[in-house]
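To start, the structure under review is shown below, and the notes come after it.
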Amino acid sequence: YIQSVKKDFSFLALNKDVDVISYFESHKSYKGKECDAAIKSFKLFCDDECTFGDVNVAFLTAYRKFLLKSKGEDGFRRYAQNTASGYLKHIKRLLKIAFADHLIDFDPSEEIEGIKWDHSCKRESLSEEEIMALKNAPFKDLEVKRAVELAVETGLRRDDVLNLKWENIKKSGGRYYLNITIQKTGYKVRLPLSQEAVAVLRAWIFPDSHTDKPVPSGSSKVYS
């Protein structure tokens, strides 16, 4: 009766001993990298151990608080507001799938308030002075320098730069593009390359040539 009052119906679960994390990971492909990151946050919260018998309103409320209040080793908030909002949304969706699969008889996520999206949040960008300081910084490794320059010119994250391949580089209408899948989100994007970015690639791929050679196709990575 007390559990019912608290909207904890986990005692009705047909599969109380089924591992939640394994179930989530078997469905993570439905939303790609972003969903995968949400599952990692859930694993961190429950220390890699959780069954459907553990999942109730109080448990999810604690997870929501973890997303909003948890701090990293540096003492700063572990997840930004919008990141926390997206992670909670993914976990709630996965629980709805579990409910549809009859792994649970009650969906506790229905009782959990979502985390509001902060529309005022703006992405930080480097100033012109910071960009120039970065470009002029001494690098012991020339390839690292060019990778940093490409990241500055394209706005790509480190993982996206490191995973570039020949087939990602396309040319259309006299202009070069990158057709890539963003590692963090799994989204496919077509990114126009500035003249500066193309110059970095030319110096990187053809260090002894200054002609307008076409980028060859193949499976070799641009950087590894």
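Chain identifiers are assigned as A, B, and so on, following the order in which chains appear in the structure tokens; residues are numbered from 1 within each chain, and ligands are numbered from 1 in order of appearance.
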
Enumerate, as a compact mmCIF listing (two decimals) with all heavy atoms, in the first residue's frame, the complete set of residues in stretch 6-173 of chain A that a backbone-based DSSP assignment places in strand (DSSP E).
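Full text of part.txt as output:
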```txt
# COMPACT_ATOMS: atom_id res chain seq x y z
N ILE A 169 35.38 13.99 -48.21
CA ILE A 169 35.65 15.24 -48.92
C ILE A 169 35.05 15.18 -50.32
O ILE A 169 35.38 14.32 -51.11
CB ILE A 169 37.16 15.51 -49.01
CG1 ILE A 169 37.77 15.48 -47.61
CG2 ILE A 169 37.44 16.85 -49.68
CD1 ILE A 169 39.28 15.56 -47.60
N LYS A 170 34.13 16.12 -50.59
CA LYS A 170 33.44 16.16 -51.88
C LYS A 170 33.62 17.53 -52.53
O LYS A 170 33.88 18.53 -51.84
CB LYS A 170 31.94 15.88 -51.70
CG LYS A 170 31.61 14.59 -50.97
CD LYS A 170 32.01 13.36 -51.75
CE LYS A 170 31.63 12.08 -51.00
NZ LYS A 170 32.06 10.88 -51.74
N LYS A 171 33.47 17.58 -53.84
CA LYS A 171 33.53 18.85 -54.56
C LYS A 171 32.30 18.99 -55.44
O LYS A 171 31.92 18.07 -56.16
CB LYS A 171 34.79 18.92 -55.42
CG LYS A 171 35.03 20.30 -56.03
CD LYS A 171 36.35 20.37 -56.78
CE LYS A 171 36.61 21.77 -57.31
NZ LYS A 171 37.89 21.85 -58.06
N SER A 172 31.65 20.16 -55.34
CA SER A 172 30.43 20.40 -56.11
C SER A 172 30.37 21.88 -56.48
O SER A 172 30.51 22.75 -55.61
CB SER A 172 29.19 20.00 -55.30
OG SER A 172 28.01 20.31 -55.99
```

Counting only C-alpha atoms, which residues of stretch 63-161 of chain A sit at most 12 Å from some atom of stretch 176-198 of chain A, and what is each one's closest atom pair with its distance in Å to one decimal, listed by chain and rising residue number, as JSON lines?
```
{"residue": "A:Thr83", "atom": "CA", "partner": "A:Thr185", "partner_atom": "CA", "distance": 11.4}
{"residue": "A:Gly86", "atom": "CA", "partner": "A:Thr185", "partner_atom": "CA", "distance": 11.0}
{"residue": "A:Tyr87", "atom": "CA", "partner": "A:Thr185", "partner_atom": "CA", "distance": 11.8}
{"residue": "A:Arg146", "atom": "CA", "partner": "A:Ala197", "partner_atom": "CA", "distance": 9.8}
{"residue": "A:Ala147", "atom": "CA", "partner": "A:Ala197", "partner_atom": "CA", "distance": 10.4}
{"residue": "A:Val148", "atom": "CA", "partner": "A:Ala197", "partner_atom": "CA", "distance": 10.9}
{"residue": "A:Glu149", "atom": "CA", "partner": "A:Ala197", "partner_atom": "CA", "distance": 7.8}
{"residue": "A:Leu150", "atom": "CA", "partner": "A:Ala197", "partner_atom": "CA", "distance": 5.8}
{"residue": "A:Ala151", "atom": "CA", "partner": "A:Ala197", "partner_atom": "CA", "distance": 8.8}
{"residue": "A:Val152", "atom": "CA", "partner": "A:Ala197", "partner_atom": "CA", "distance": 8.6}
{"residue": "A:Glu153", "atom": "CA", "partner": "A:Ala197", "partner_atom": "CA", "distance": 5.5}
{"residue": "A:Thr154", "atom": "CA", "partner": "A:Ala197", "partner_atom": "CA", "distance": 6.9}
{"residue": "A:Gly155", "atom": "CA", "partner": "A:Leu191", "partner_atom": "CA", "distance": 9.8}
{"residue": "A:Leu156", "atom": "CA", "partner": "A:Ile182", "partner_atom": "CA", "distance": 8.5}
{"residue": "A:Arg157", "atom": "CA", "partner": "A:Gln183", "partner_atom": "CA", "distance": 8.5}
{"residue": "A:Arg158", "atom": "CA", "partner": "A:Gln183", "partner_atom": "CA", "distance": 9.6}
{"residue": "A:Asp159", "atom": "CA", "partner": "A:Gln183", "partner_atom": "CA", "distance": 6.7}
{"residue": "A:Asp160", "atom": "CA", "partner": "A:Gln183", "partner_atom": "CA", "distance": 6.1}
{"residue": "A:Val161", "atom": "CA", "partner": "A:Gln183", "partner_atom": "CA", "distance": 9.8}
```

Give one line per residue of stretch 105-175 of chain A that approaches stretch 63-74 of chain A to at most 9 Å, naming the two atoms of the closest pair and their distance in Å to one decimal, counting only C-alpha atoms; sort by chain then ascending residue number and deliver it as CSV.
```
residue,atom,partner,partner_atom,distance
A:Ile112,CA,A:Arg64,CA,8.2
A:Glu113,CA,A:Arg64,CA,8.7
A:Gly114,CA,A:Arg64,CA,8.4
A:Ile115,CA,A:Arg64,CA,8.0
```

Could the residues in this selection be saved with all heavy atoms as a compact mmCIF listing (two decimals), in the first residue's frame?
```
# COMPACT_ATOMS: atom_id res chain seq x y z
N ILE A 112 7.79 11.69 -14.01
CA ILE A 112 9.01 12.49 -13.87
C ILE A 112 8.94 13.72 -14.78
O ILE A 112 8.76 13.61 -15.99
CB ILE A 112 10.26 11.65 -14.23
CG1 ILE A 112 10.33 10.41 -13.36
CG2 ILE A 112 11.52 12.49 -14.07
CD1 ILE A 112 10.41 10.68 -11.88
N GLU A 113 9.09 14.87 -14.17
CA GLU A 113 9.08 16.12 -14.94
C GLU A 113 10.35 16.24 -15.77
O GLU A 113 11.45 15.94 -15.29
CB GLU A 113 8.98 17.31 -13.99
CG GLU A 113 8.96 18.66 -14.69
CD GLU A 113 8.95 19.83 -13.71
OE1 GLU A 113 8.99 19.57 -12.49
OE2 GLU A 113 8.92 20.98 -14.18
N GLY A 114 10.20 16.64 -17.02
CA GLY A 114 11.36 16.83 -17.86
C GLY A 114 12.20 18.01 -17.40
O GLY A 114 11.77 18.81 -16.56
N ILE A 115 13.38 18.11 -17.93
CA ILE A 115 14.27 19.24 -17.62
C ILE A 115 14.11 20.27 -18.73
O ILE A 115 14.27 19.94 -19.92
CB ILE A 115 15.73 18.77 -17.51
CG1 ILE A 115 15.87 17.76 -16.37
CG2 ILE A 115 16.67 19.95 -17.30
CD1 ILE A 115 17.24 17.12 -16.27
```

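Rounded to one decimal, atom CA of A:Lys40 and atom CA of A:Ile21 lie 9.2 Å from each other.
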
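Compared by their closest atoms to A:Lys116, and using only C-alpha atoms, the residues A:Cys46, A:Val200, A:Ala80, A:Val20 rank with A:Ala80 nearest.
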
Please report the interatomic distance between atom CA of A:Asn82 and atom CA of A:Glu128 in Å with one decimal. 27.1 Å

With distances taken over only C-alpha atoms, which residue among A:Glu25, A:Ala38, A:Ala84, A:Lys16 lies nearest A:Asp54? A:Lys16

Report as a VMD selection string: the residues of stretch 53-144 of chain A with a DSSP assignment of helix (DSSP H, G or I), based on the backbone of this structure. chain A and resid 57 to 69 81 to 100 108 to 111 128 to 135 142 to 144

All residues 12 Å or closer to A:Asp48, only C-alpha atoms, same chain fewer than 4 positions away omitted, as an NGL selection string: :A and (19-22 or 39-44)

With C-alpha atoms retained, export the selected residues as a PDB file, in the first residue's frame.
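So the final result, stored in part-v5.pdb, reads:
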```pdb
ATOM      1  CA  ASP A  19      19.327  -5.909 -16.468  1.00  0.00           C
ATOM      2  CA  VAL A  20      18.203  -2.411 -17.451  1.00  0.00           C
ATOM      3  CA  ILE A  21      21.528  -1.277 -18.924  1.00  0.00           C
ATOM      4  CA  SER A  22      21.823  -4.277 -21.253  1.00  0.00           C
ATOM      5  CA  ILE A  39      22.990   5.586 -21.347  1.00  0.00           C
ATOM      6  CA  LYS A  40      26.566   6.258 -20.199  1.00  0.00           C
ATOM      7  CA  SER A  41      25.267   8.919 -17.813  1.00  0.00           C
ATOM      8  CA  PHE A  42      22.680   6.439 -16.504  1.00  0.00           C
ATOM      9  CA  LYS A  43      25.410   3.819 -15.959  1.00  0.00           C
ATOM     10  CA  LEU A  44      27.477   6.358 -14.058  1.00  0.00           C
TER      11      LEU A  44
END
```

Just the residues within 12 Å of A:Asn136, please, counting only C-alpha atoms, with nothing from its chain fewer than 2 positions along; format it as a PyMOL selection string. chain A and resi 129-134+138-139+145-146+148-149

Å distance separating atom CA of A:Thr61 from atom CA of A:Asp118, one decimal place: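 Spanning atom CA of A:Thr61 to atom CA of A:Asp118 is a straight-line distance of 20.0 Å.
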